[in-house]
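Next comes input.cif, a file with mmCIF, C-alpha atoms and all ligand atoms.
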```
data_model
loop_
_atom_site.label_atom_id
_atom_site.label_comp_id
_atom_site.auth_asym_id
_atom_site.auth_seq_id
_atom_site.Cartn_x
_atom_site.Cartn_y
_atom_site.Cartn_z
CA MET A 291 -5.29 23.30 -5.55
CA PRO A 292 -4.34 19.79 -4.46
CA PRO A 293 -6.81 17.92 -2.26
CA ALA A 294 -6.16 18.08 1.49
CA SER A 295 -3.36 15.72 2.43
CA SER A 296 -4.90 14.37 5.62
CA ASP A 297 -8.20 14.45 7.48
CA GLU A 298 -7.01 17.46 9.45
CA GLY A 299 -5.25 19.03 6.46
CA ALA A 300 -2.05 19.10 8.55
CA GLY A 301 1.00 17.58 6.89
CA PRO A 302 1.52 14.36 4.98
CA LEU A 303 -0.06 11.07 5.96
CA VAL A 304 2.39 8.48 7.31
CA PHE A 305 2.06 4.84 6.25
CA ALA A 306 3.97 1.84 7.60
CA HIS A 307 5.42 0.05 4.57
CA ARG A 308 4.58 -3.69 4.75
CA GLY A 309 3.65 -2.88 8.36
CA SER A 310 7.46 -2.43 8.74
CA LEU A 311 9.62 -4.99 10.53
CA PRO A 312 9.40 -7.95 10.42
CA GLU A 313 7.50 -7.24 7.22
CA HIS A 314 3.88 -8.35 6.88
CA THR A 315 3.66 -9.63 10.45
CA LEU A 316 0.87 -8.88 12.85
CA ASP A 317 3.38 -7.67 15.46
CA ALA A 318 4.76 -5.08 13.03
CA TYR A 319 1.28 -3.83 12.10
CA ARG A 320 0.24 -3.56 15.76
CA GLU A 321 3.44 -1.67 16.61
CA ALA A 322 2.81 0.77 13.76
CA ILE A 323 -0.78 1.34 14.90
CA ASP A 324 0.45 1.95 18.46
CA ALA A 325 3.12 4.37 17.15
CA GLY A 326 0.35 6.52 15.67
CA VAL A 327 0.65 6.05 11.91
CA ASP A 328 -2.19 7.24 9.71
CA GLY A 329 -2.17 4.04 7.74
CA LEU A 330 -0.68 0.70 6.83
CA GLU A 331 0.63 -0.65 3.54
CA CYS A 332 0.49 -4.31 2.54
CA ASP A 333 1.02 -6.46 -0.53
CA VAL A 334 -1.47 -9.17 -1.37
CA ARG A 335 -1.22 -12.38 -3.35
CA LEU A 336 -3.52 -15.35 -3.84
CA THR A 337 -2.77 -18.83 -2.56
CA ARG A 338 -3.51 -21.85 -4.75
CA ASP A 339 -6.80 -22.34 -2.87
CA GLY A 340 -7.89 -18.72 -3.34
CA HIS A 341 -6.96 -17.01 -0.04
CA LEU A 342 -5.61 -13.48 -0.03
CA ILE A 343 -2.41 -13.32 1.98
CA CYS A 344 -0.05 -10.49 2.86
CA ILE A 345 3.33 -11.16 1.27
CA HIS A 346 5.59 -9.20 -1.05
CA ASP A 347 7.65 -11.76 -2.95
CA ARG A 348 6.48 -14.26 -5.55
CA ARG A 349 8.35 -16.94 -3.60
CA LEU A 350 8.35 -17.93 0.06
CA ASP A 351 12.12 -18.17 0.43
CA ARG A 352 13.13 -14.70 1.67
CA THR A 353 10.56 -14.09 4.39
CA SER A 354 9.76 -17.59 5.66
CA ASN A 355 11.38 -20.92 6.45
CA GLY A 356 9.64 -22.40 3.40
CA ARG A 357 10.57 -22.54 -0.27
CA GLY A 358 8.80 -22.24 -3.59
CA PRO A 359 6.15 -20.05 -5.19
CA VAL A 360 3.31 -18.59 -3.15
CA SER A 361 0.79 -19.24 -5.92
CA THR A 362 1.19 -23.03 -5.75
CA SER A 363 0.90 -23.19 -1.94
CA ARG A 364 -2.30 -23.76 0.00
CA LEU A 365 -3.18 -21.64 3.02
CA ALA A 366 -2.91 -24.69 5.30
CA ASP A 367 0.66 -25.32 4.04
CA LEU A 368 1.66 -21.71 4.68
CA ASN A 369 0.26 -21.88 8.18
CA GLU A 370 2.79 -24.66 8.92
CA LEU A 371 5.63 -22.21 8.22
CA GLU A 372 7.10 -19.24 10.07
CA PHE A 373 7.07 -15.78 8.55
CA GLY A 374 9.34 -13.18 10.15
CA GLY A 375 9.72 -15.54 13.09
CA ALA A 376 5.97 -15.73 13.70
CA PRO A 377 3.91 -18.87 13.14
CA GLY A 378 1.68 -18.90 10.05
CA ILE A 379 1.04 -16.43 7.26
CA LEU A 380 -0.78 -13.14 7.80
CA THR A 381 -4.03 -13.19 5.84
CA LEU A 382 -5.75 -10.06 4.58
CA ASP A 383 -8.77 -11.15 6.61
CA THR A 384 -6.73 -10.89 9.81
CA LEU A 385 -5.19 -7.58 8.81
CA LEU A 386 -8.62 -6.07 8.09
CA THR A 387 -9.95 -7.31 11.44
CA THR A 388 -6.90 -5.88 13.21
CA ALA A 389 -7.35 -2.50 11.51
CA LEU A 390 -11.08 -2.43 12.32
CA ASP A 391 -10.32 -3.34 15.95
CA ALA A 392 -7.73 -0.56 16.33
CA GLY A 393 -10.32 1.74 17.85
CA ARG A 394 -9.34 4.74 15.74
CA PRO A 395 -9.46 5.80 12.06
CA LEU A 396 -6.89 4.06 9.91
CA ARG A 397 -6.06 3.97 6.23
CA LEU A 398 -5.07 0.79 4.51
CA LEU A 399 -3.07 0.79 1.28
CA ILE A 400 -3.45 -2.61 -0.37
CA GLU A 401 -1.12 -3.37 -3.27
CA THR A 402 -2.06 -6.18 -5.64
CA LYS A 403 0.96 -8.04 -7.00
CA HIS A 404 1.30 -9.61 -10.44
CA PRO A 405 -2.19 -8.88 -11.79
CA THR A 406 -1.70 -10.76 -15.04
CA ARG A 407 -0.76 -14.09 -13.43
CA HIS A 408 -4.30 -14.89 -12.29
CA GLY A 409 -6.45 -12.92 -14.75
CA ALA A 410 -8.71 -10.70 -12.63
CA LYS A 411 -8.87 -13.25 -9.78
CA VAL A 412 -6.87 -11.15 -7.31
CA GLU A 413 -8.96 -8.03 -7.88
CA ARG A 414 -12.24 -9.97 -7.72
CA ALA A 415 -11.23 -11.71 -4.49
CA LEU A 416 -10.05 -8.43 -3.00
CA VAL A 417 -13.22 -6.49 -3.84
CA ALA A 418 -15.42 -9.37 -2.63
CA MET A 419 -13.59 -9.40 0.71
CA LEU A 420 -13.79 -5.61 1.08
CA GLU A 421 -17.51 -5.78 0.33
CA ARG A 422 -17.98 -8.38 3.08
CA TYR A 423 -16.36 -5.93 5.52
CA GLY A 424 -18.30 -2.94 4.17
CA LEU A 425 -15.01 -1.36 3.03
CA ALA A 426 -15.58 -1.15 -0.73
CA LYS A 427 -17.82 1.90 -0.61
CA ALA A 428 -17.20 5.50 0.38
CA ASP A 429 -18.65 5.64 3.88
CA PRO A 430 -17.22 8.24 6.27
CA ALA A 431 -18.73 6.31 9.18
CA VAL A 432 -16.41 3.36 8.54
CA PRO A 433 -13.12 3.89 10.44
CA VAL A 434 -10.92 2.02 7.96
CA GLN A 435 -10.47 3.61 4.54
CA VAL A 436 -9.05 1.31 1.90
CA THR A 437 -7.06 2.43 -1.14
CA VAL A 438 -5.86 -0.07 -3.76
CA MET A 439 -2.42 0.33 -5.32
CA SER A 440 -0.67 -1.25 -8.27
CA PHE A 441 2.19 -0.75 -10.70
CA ALA A 442 -0.20 -2.11 -13.37
CA ALA A 443 -2.78 0.25 -14.87
CA LEU A 444 -4.71 -2.90 -15.87
CA ALA A 445 -5.17 -3.92 -12.23
CA LEU A 446 -6.40 -0.45 -11.30
CA ARG A 447 -8.86 -0.42 -14.18
CA ARG A 448 -10.25 -3.75 -12.98
CA VAL A 449 -10.63 -2.45 -9.43
CA ARG A 450 -12.36 0.71 -10.63
CA ALA A 451 -14.78 -1.39 -12.71
CA LEU A 452 -15.58 -3.67 -9.75
CA ALA A 453 -15.69 -1.00 -7.04
CA PRO A 454 -15.81 2.55 -8.42
CA ALA A 455 -15.82 4.10 -4.93
CA LEU A 456 -12.42 2.66 -4.00
CA PRO A 457 -9.60 5.16 -4.48
CA THR A 458 -6.53 3.90 -6.33
CA VAL A 459 -2.81 4.66 -6.40
CA TYR A 460 -0.84 4.26 -9.62
CA LEU A 461 2.67 3.25 -8.55
CA VAL A 462 5.65 4.43 -10.58
CA GLU A 463 9.13 3.11 -9.95
CA TYR A 464 10.90 4.52 -12.93
CA VAL A 465 10.07 7.23 -15.43
CA PRO A 466 11.84 6.29 -18.70
CA PRO A 467 14.28 8.93 -19.97
CA GLY A 468 12.76 11.17 -22.58
CA VAL A 469 9.20 10.44 -21.58
CA ARG A 470 7.56 13.61 -20.39
CA THR A 471 5.84 13.20 -17.04
CA ALA A 472 2.62 14.55 -18.56
CA ARG A 473 2.46 11.40 -20.71
CA LEU A 474 2.47 8.90 -17.84
CA PRO A 475 -0.50 6.51 -18.05
CA PHE A 476 -2.16 8.01 -15.03
CA GLY A 477 -5.83 7.25 -14.40
CA ALA A 478 -5.75 6.87 -10.63
CA GLU A 479 -6.70 9.41 -7.98
CA ILE A 480 -3.24 9.22 -6.43
CA LEU A 481 0.21 9.00 -8.02
CA GLY A 482 2.67 6.76 -6.14
CA PRO A 483 6.23 7.52 -7.21
CA GLY A 484 9.20 5.74 -5.72
CA VAL A 485 11.55 8.22 -4.10
CA GLY A 486 14.12 7.45 -6.84
CA ALA A 487 11.63 8.51 -9.52
CA LEU A 488 10.99 11.69 -7.56
CA ARG A 489 14.71 12.44 -7.31
CA ALA A 490 15.02 12.03 -11.09
CA HIS A 491 11.81 13.96 -11.83
CA PRO A 492 11.19 16.43 -9.01
CA ASP A 493 8.20 17.81 -10.96
CA LEU A 494 6.17 14.59 -10.46
CA ILE A 495 4.27 15.84 -7.42
CA ARG A 496 3.61 19.22 -8.98
CA TYR A 497 2.29 17.33 -12.01
CA ALA A 498 -0.07 15.25 -9.86
CA HIS A 499 -1.32 18.29 -7.95
CA ALA A 500 -1.89 20.27 -11.14
CA ARG A 501 -4.27 17.48 -12.21
CA GLY A 502 -6.11 17.48 -8.88
CA ARG A 503 -4.40 14.29 -7.74
CA GLN A 504 -2.45 13.52 -4.60
CA ALA A 505 1.01 11.94 -4.41
CA TYR A 506 2.13 9.21 -1.99
CA VAL A 507 5.89 8.55 -2.11
CA TRP A 508 7.66 5.31 -1.16
CA THR A 509 9.90 4.13 0.46
CA VAL A 510 11.10 7.14 2.46
CA ASN A 511 13.63 6.02 5.07
CA SER A 512 16.38 8.67 5.30
CA ASP A 513 16.61 12.28 6.48
CA GLU A 514 17.56 13.31 2.96
CA ASP A 515 14.59 11.62 1.30
CA LEU A 516 12.20 12.84 3.98
CA ASP A 517 13.43 16.37 3.40
CA LEU A 518 12.90 15.98 -0.37
CA VAL A 519 9.33 14.66 -0.12
CA ARG A 520 8.38 17.34 2.39
CA ARG A 521 9.79 20.09 0.16
CA MET A 522 7.95 18.66 -2.84
CA GLY A 523 4.67 18.59 -0.91
CA ALA A 524 3.95 14.85 -0.81
CA ASP A 525 0.50 14.03 0.57
CA GLY A 526 1.56 10.61 1.84
CA ILE A 527 4.85 9.11 3.02
CA ILE A 528 5.27 5.35 2.93
CA THR A 529 8.15 4.28 5.15
CA ASP A 530 9.92 1.33 6.76
CA ARG A 531 10.68 3.68 9.68
CA PRO A 532 7.33 5.03 10.83
CA LYS A 533 8.56 6.15 14.25
CA PHE A 534 11.43 8.11 12.70
CA VAL A 535 9.09 9.84 10.21
CA LEU A 536 6.45 10.61 12.84
CA ALA A 537 9.10 12.11 15.13
CA ALA A 538 10.58 14.18 12.30
CA LEU A 539 7.10 15.55 11.59
CA GLY A 540 6.73 16.45 15.26
CA ARG A 541 4.02 13.87 15.92
O1 LIG A 601 4.12 1.37 -1.33
C1 LIG A 601 4.56 1.05 -2.59
C2 LIG A 601 5.69 0.10 -2.51
O2 LIG A 601 5.40 -0.87 -1.54
C3 LIG A 601 5.99 -0.52 -3.81
O3 LIG A 601 7.12 -1.33 -3.80
O4 LIG A 601 8.20 -3.48 -3.94
O5 LIG A 601 7.80 -2.49 -1.71
O6 LIG A 601 5.90 -3.39 -3.03
P1 LIG A 601 7.25 -2.73 -3.09
CA CA A 602 4.08 -2.79 -1.68
#
```

Let's see the structure in the file written out as structure tokens.
Amino acid sequence: MPPASSDEGAGPLVFAHRGSLPEHTLDAYREAIDAGVDGLECDVRLTRDGHLICIHDRRLDRTSNGRGPVSTSRLADLNELEFGGAPGILTLDTLLTTALDAGRPLRLLIETKHPTRHGAKVERALVAMLERYGLAKADPAVPVQVTVMSFAALALRRVRALAPALPTVYLVEYVPPGVRTARLPFGAEILGPGVGALRAHPDLIRYAHARGRQAYVWTVNSDEDLDLVRRMGADGIITDRPKFVLAALGR
């Protein structure tokens, strides 16, 4: 039997992808919390001076009025810019404080980007920060439950070594043709297939459940994809349209 999909065991968990729109902004995260999502997704990268910030791309260009790589920028420089129309960059520190201040249980899916660029620096900084907030251990009394995600098995292995109590999601965008799903390098508690991978391999969720794992699917934005992930029994739905998904689930 698969593990229960939510605290109440009633339907899939709903996560706001990058907080939703504008992505990785405090306004988006607050709106998602107010809408009633179960959890929030964010991507983290390190600045040149070692701060964990919430941003998807390697470069600043798409989501800010700045240019150039994130990894060569200092936090003070990023705070001079606008991201999604808001002043300054969202730090993981601020996101954790916001989640802890929400006044209700929340899940936080934190995806580490480009784990090989900095050695294990990102994972070490992340675990150290979670430890400071008391979020790196399994403690049902803590209202914010953190799960770490990555496309890189290496990053997940590092996180498990540093903080064995933190659950992990192994993200899969593409299952190469001819590779049987049973041979995926899958050491995490949760499988995270993209909805395209699920369309191509509808047995992915069954595979995860048969191994006692859950499955969180991203990025589910249409009626058609929502229907697919519900039929396949996804335990978590990561979406850019949290209000649409919540309404479709009758919540
Ligand atoms: O939730 C997983 C998903 O966010 C992975 O893709 O590119 O949006 O980080 P990406
Ligand atoms: Ca992500």

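The two atoms in question, CA of His314 (chain A) and CA of Arg503 (chain A), are spaced 28.2 Å apart.
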
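Among the candidate residues A:Leu386, A:Ala451, A:Val459, A:Val412, the one lying nearest to ligand LIG 601 (chain A) is A:Val459, with distances computed using only C-alpha atoms and all ligand atoms.
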
Residues of chain A within 8 Å of ligand CA 602 (chain A): nearest atom pair and distance (Å, one decimal) for each, counting all atoms listed in the file, sorted by chain and number, as JSON lines?
```
{"residue": "A:His307", "atom": "CA", "partner": "A:CA602", "partner_atom": "CA", "distance": 7.0}
{"residue": "A:Arg308", "atom": "CA", "partner": "A:CA602", "partner_atom": "CA", "distance": 6.5}
{"residue": "A:Glu331", "atom": "CA", "partner": "A:CA602", "partner_atom": "CA", "distance": 6.6}
{"residue": "A:Cys332", "atom": "CA", "partner": "A:CA602", "partner_atom": "CA", "distance": 5.7}
{"residue": "A:Asp333", "atom": "CA", "partner": "A:CA602", "partner_atom": "CA", "distance": 4.9}
{"residue": "A:His346", "atom": "CA", "partner": "A:CA602", "partner_atom": "CA", "distance": 6.6}
{"residue": "A:Ile400", "atom": "CA", "partner": "A:CA602", "partner_atom": "CA", "distance": 7.6}
{"residue": "A:Glu401", "atom": "CA", "partner": "A:CA602", "partner_atom": "CA", "distance": 5.5}
```

Using only C-alpha atoms and all ligand atoms, tabulate the residues of chain A lying at most 9 Å from any atom of ligand LIG 601 (chain A), each with its closest atom pair and that distance in Å to one decimal, by chain and increasing residue number, as CSV.
```
residue,atom,partner,partner_atom,distance
A:Phe305,CA,A:LIG601,O1,8.6
A:Ala306,CA,A:LIG601,O1,8.9
A:His307,CA,A:LIG601,O2,6.2
A:Arg308,CA,A:LIG601,O2,6.9
A:Glu331,CA,A:LIG601,O1,6.3
A:Cys332,CA,A:LIG601,O2,7.3
A:Asp333,CA,A:LIG601,O6,6.3
A:His346,CA,A:LIG601,O6,6.1
A:Asp347,CA,A:LIG601,O4,8.4
A:Leu399,CA,A:LIG601,O1,7.7
A:Ile400,CA,A:LIG601,O1,8.6
A:Glu401,CA,A:LIG601,O6,7.0
A:Thr402,CA,A:LIG601,O6,8.8
A:Lys403,CA,A:LIG601,O6,7.9
A:Met439,CA,A:LIG601,C1,7.5
A:Ser440,CA,A:LIG601,C3,8.0
A:Phe441,CA,A:LIG601,C3,7.9
A:Leu461,CA,A:LIG601,C1,6.6
A:Val462,CA,A:LIG601,C3,8.4
A:Glu463,CA,A:LIG601,C3,7.8
A:Gly482,CA,A:LIG601,C1,7.0
A:Pro483,CA,A:LIG601,C1,8.1
A:Gly484,CA,A:LIG601,C3,7.3
A:Tyr506,CA,A:LIG601,O1,8.1
A:Val507,CA,A:LIG601,O1,7.4
A:Trp508,CA,A:LIG601,O1,5.3
A:Thr509,CA,A:LIG601,C2,6.5
A:Ile527,CA,A:LIG601,O1,8.9
A:Ile528,CA,A:LIG601,O1,5.9
A:Thr529,CA,A:LIG601,O1,8.2
```

Give, as lines of an AutoDock Vina configuration file, the centre coordinates and the x, y and z edge lengths in Å to one decimal for an axis-aligned box around all listed atoms of region 446-460 of chain A, padded by 5 Å on each side.
```
center_x = -8.3
center_y = 0.7
center_z = -9.1
size_x = 25.0
size_y = 18.9
size_z = 20.2
```

For the point (-6.8, -15.8, -2.4) in file coordinates, what residues are within 12 Å, counting all atoms listed in the file? Give the answer as a PDB file with C-alpha atoms, in the coordinates of the input?
```
ATOM      1  CA  VAL A 334      -1.470  -9.170  -1.370  1.00  0.00           C
ATOM      2  CA  ARG A 335      -1.220 -12.380  -3.350  1.00  0.00           C
ATOM      3  CA  LEU A 336      -3.520 -15.350  -3.840  1.00  0.00           C
ATOM      4  CA  THR A 337      -2.770 -18.830  -2.560  1.00  0.00           C
ATOM      5  CA  ARG A 338      -3.510 -21.850  -4.750  1.00  0.00           C
ATOM      6  CA  ASP A 339      -6.800 -22.340  -2.870  1.00  0.00           C
ATOM      7  CA  GLY A 340      -7.890 -18.720  -3.340  1.00  0.00           C
ATOM      8  CA  HIS A 341      -6.960 -17.010  -0.040  1.00  0.00           C
ATOM      9  CA  LEU A 342      -5.610 -13.480  -0.030  1.00  0.00           C
ATOM     10  CA  ILE A 343      -2.410 -13.320   1.980  1.00  0.00           C
ATOM     11  CA  CYS A 344      -0.050 -10.490   2.860  1.00  0.00           C
ATOM     12  CA  ILE A 345       3.330 -11.160   1.270  1.00  0.00           C
ATOM     13  CA  VAL A 360       3.310 -18.590  -3.150  1.00  0.00           C
ATOM     14  CA  SER A 361       0.790 -19.240  -5.920  1.00  0.00           C
ATOM     15  CA  THR A 362       1.190 -23.030  -5.750  1.00  0.00           C
ATOM     16  CA  SER A 363       0.900 -23.190  -1.940  1.00  0.00           C
ATOM     17  CA  ARG A 364      -2.300 -23.760   0.000  1.00  0.00           C
ATOM     18  CA  LEU A 365      -3.180 -21.640   3.020  1.00  0.00           C
ATOM     19  CA  THR A 381      -4.030 -13.190   5.840  1.00  0.00           C
ATOM     20  CA  LEU A 382      -5.750 -10.060   4.580  1.00  0.00           C
ATOM     21  CA  ASP A 383      -8.770 -11.150   6.610  1.00  0.00           C
ATOM     22  CA  THR A 402      -2.060  -6.180  -5.640  1.00  0.00           C
ATOM     23  CA  LYS A 403       0.960  -8.040  -7.000  1.00  0.00           C
ATOM     24  CA  HIS A 408      -4.300 -14.890 -12.290  1.00  0.00           C
ATOM     25  CA  ALA A 410      -8.710 -10.700 -12.630  1.00  0.00           C
ATOM     26  CA  LYS A 411      -8.870 -13.250  -9.780  1.00  0.00           C
ATOM     27  CA  VAL A 412      -6.870 -11.150  -7.310  1.00  0.00           C
ATOM     28  CA  GLU A 413      -8.960  -8.030  -7.880  1.00  0.00           C
ATOM     29  CA  ARG A 414     -12.240  -9.970  -7.720  1.00  0.00           C
ATOM     30  CA  ALA A 415     -11.230 -11.710  -4.490  1.00  0.00           C
ATOM     31  CA  LEU A 416     -10.050  -8.430  -3.000  1.00  0.00           C
ATOM     32  CA  VAL A 417     -13.220  -6.490  -3.840  1.00  0.00           C
ATOM     33  CA  ALA A 418     -15.420  -9.370  -2.630  1.00  0.00           C
ATOM     34  CA  MET A 419     -13.590  -9.400   0.710  1.00  0.00           C
TER      35      MET A 419
END
```

Which value, in Å to one decimal, gives the distance between CA of Asp328 (chain A) and CA of Glu479 (chain A)?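 Going from CA of Asp328 (chain A) over to CA of Glu479 (chain A), I get 18.4 Å.
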
A:Asp351, A:Arg531, A:Val304, A:Ala389: which is nearest Tyr319 (chain A), counting all atoms listed in the file?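 Selected residue with least distance to Tyr319 (chain A): A:Ala389.
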
For Gly540 (chain A), which residue out of A:Gly301, A:Ile495, A:Asp317, A:Val510 is the nearest one, using all atoms listed in the file? A:Gly301

How many Å separate CA of Arg348 (chain A) from CA of Pro454 (chain A)? 28.1 Å

Contacts of Gly523 (chain A) within 12 Å, all atoms listed in the file, excl. fewer than 2 positions in-chain, as a PyMOL selection string: chain A and resi 291-295+300-303+488+492-499+504-507+516-521+525-527

Could I see region 341-357 of chain A restored to N, CA and C atoms, set down as an mmCIF file, keeping the file's coordinate frame?
```cif
data_model
loop_
_atom_site.group_PDB
_atom_site.id
_atom_site.type_symbol
_atom_site.label_atom_id
_atom_site.label_comp_id
_atom_site.auth_asym_id
_atom_site.auth_seq_id
_atom_site.Cartn_x
_atom_site.Cartn_y
_atom_site.Cartn_z
ATOM 1 N N HIS A 341 -6.974 -17.909 -1.207
ATOM 2 C CA HIS A 341 -6.960 -17.010 -0.040
ATOM 3 C C HIS A 341 -6.033 -15.835 -0.306
ATOM 4 N N LEU A 342 -6.461 -14.665 0.116
ATOM 5 C CA LEU A 342 -5.610 -13.480 -0.030
ATOM 6 C C LEU A 342 -4.683 -13.392 1.178
ATOM 7 N N ILE A 343 -3.390 -13.374 0.890
ATOM 8 C CA ILE A 343 -2.410 -13.320 1.980
ATOM 9 C C ILE A 343 -1.496 -12.114 1.777
ATOM 10 N N CYS A 344 -0.893 -11.680 2.888
ATOM 11 C CA CYS A 344 -0.050 -10.490 2.860
ATOM 12 C C CYS A 344 1.409 -10.925 2.710
ATOM 13 N N ILE A 345 1.935 -10.763 1.541
ATOM 14 C CA ILE A 345 3.330 -11.160 1.270
ATOM 15 C C ILE A 345 3.802 -10.388 0.042
ATOM 16 N N HIS A 346 5.061 -10.001 0.059
ATOM 17 C CA HIS A 346 5.590 -9.200 -1.050
ATOM 18 C C HIS A 346 6.084 -10.064 -2.205
ATOM 19 N N ASP A 347 6.939 -11.036 -1.887
ATOM 20 C CA ASP A 347 7.650 -11.760 -2.950
ATOM 21 C C ASP A 347 6.762 -12.814 -3.612
ATOM 22 N N ARG A 348 7.148 -13.172 -4.825
ATOM 23 C CA ARG A 348 6.480 -14.260 -5.550
ATOM 24 C C ARG A 348 6.780 -15.603 -4.881
ATOM 25 N N ARG A 349 7.941 -15.679 -4.245
ATOM 26 C CA ARG A 349 8.350 -16.940 -3.600
ATOM 27 C C ARG A 349 8.377 -16.777 -2.075
ATOM 28 N N LEU A 350 8.394 -17.914 -1.405
ATOM 29 C CA LEU A 350 8.350 -17.930 0.060
ATOM 30 C C LEU A 350 9.728 -17.722 0.682
ATOM 31 N N ASP A 351 10.772 -17.948 -0.103
ATOM 32 C CA ASP A 351 12.120 -18.170 0.430
ATOM 33 C C ASP A 351 12.667 -17.045 1.331
ATOM 34 N N ARG A 352 12.481 -15.786 0.940
ATOM 35 C CA ARG A 352 13.130 -14.700 1.670
ATOM 36 C C ARG A 352 12.518 -14.437 3.040
ATOM 37 N N THR A 353 11.214 -14.544 3.143
ATOM 38 C CA THR A 353 10.560 -14.090 4.390
ATOM 39 C C THR A 353 10.025 -15.229 5.255
ATOM 40 N N SER A 354 10.258 -16.481 4.833
ATOM 41 C CA SER A 354 9.760 -17.590 5.660
ATOM 42 C C SER A 354 10.808 -18.698 5.715
ATOM 43 N N ASN A 355 10.494 -19.754 6.447
ATOM 44 C CA ASN A 355 11.380 -20.920 6.450
ATOM 45 C C ASN A 355 10.936 -21.955 5.412
ATOM 46 N N GLY A 356 10.066 -21.520 4.483
ATOM 47 C CA GLY A 356 9.640 -22.400 3.400
ATOM 48 C C GLY A 356 10.313 -22.037 2.094
ATOM 49 N N ARG A 357 9.996 -22.797 1.055
ATOM 50 C CA ARG A 357 10.570 -22.540 -0.270
ATOM 51 C C ARG A 357 9.480 -22.686 -1.320
#
```
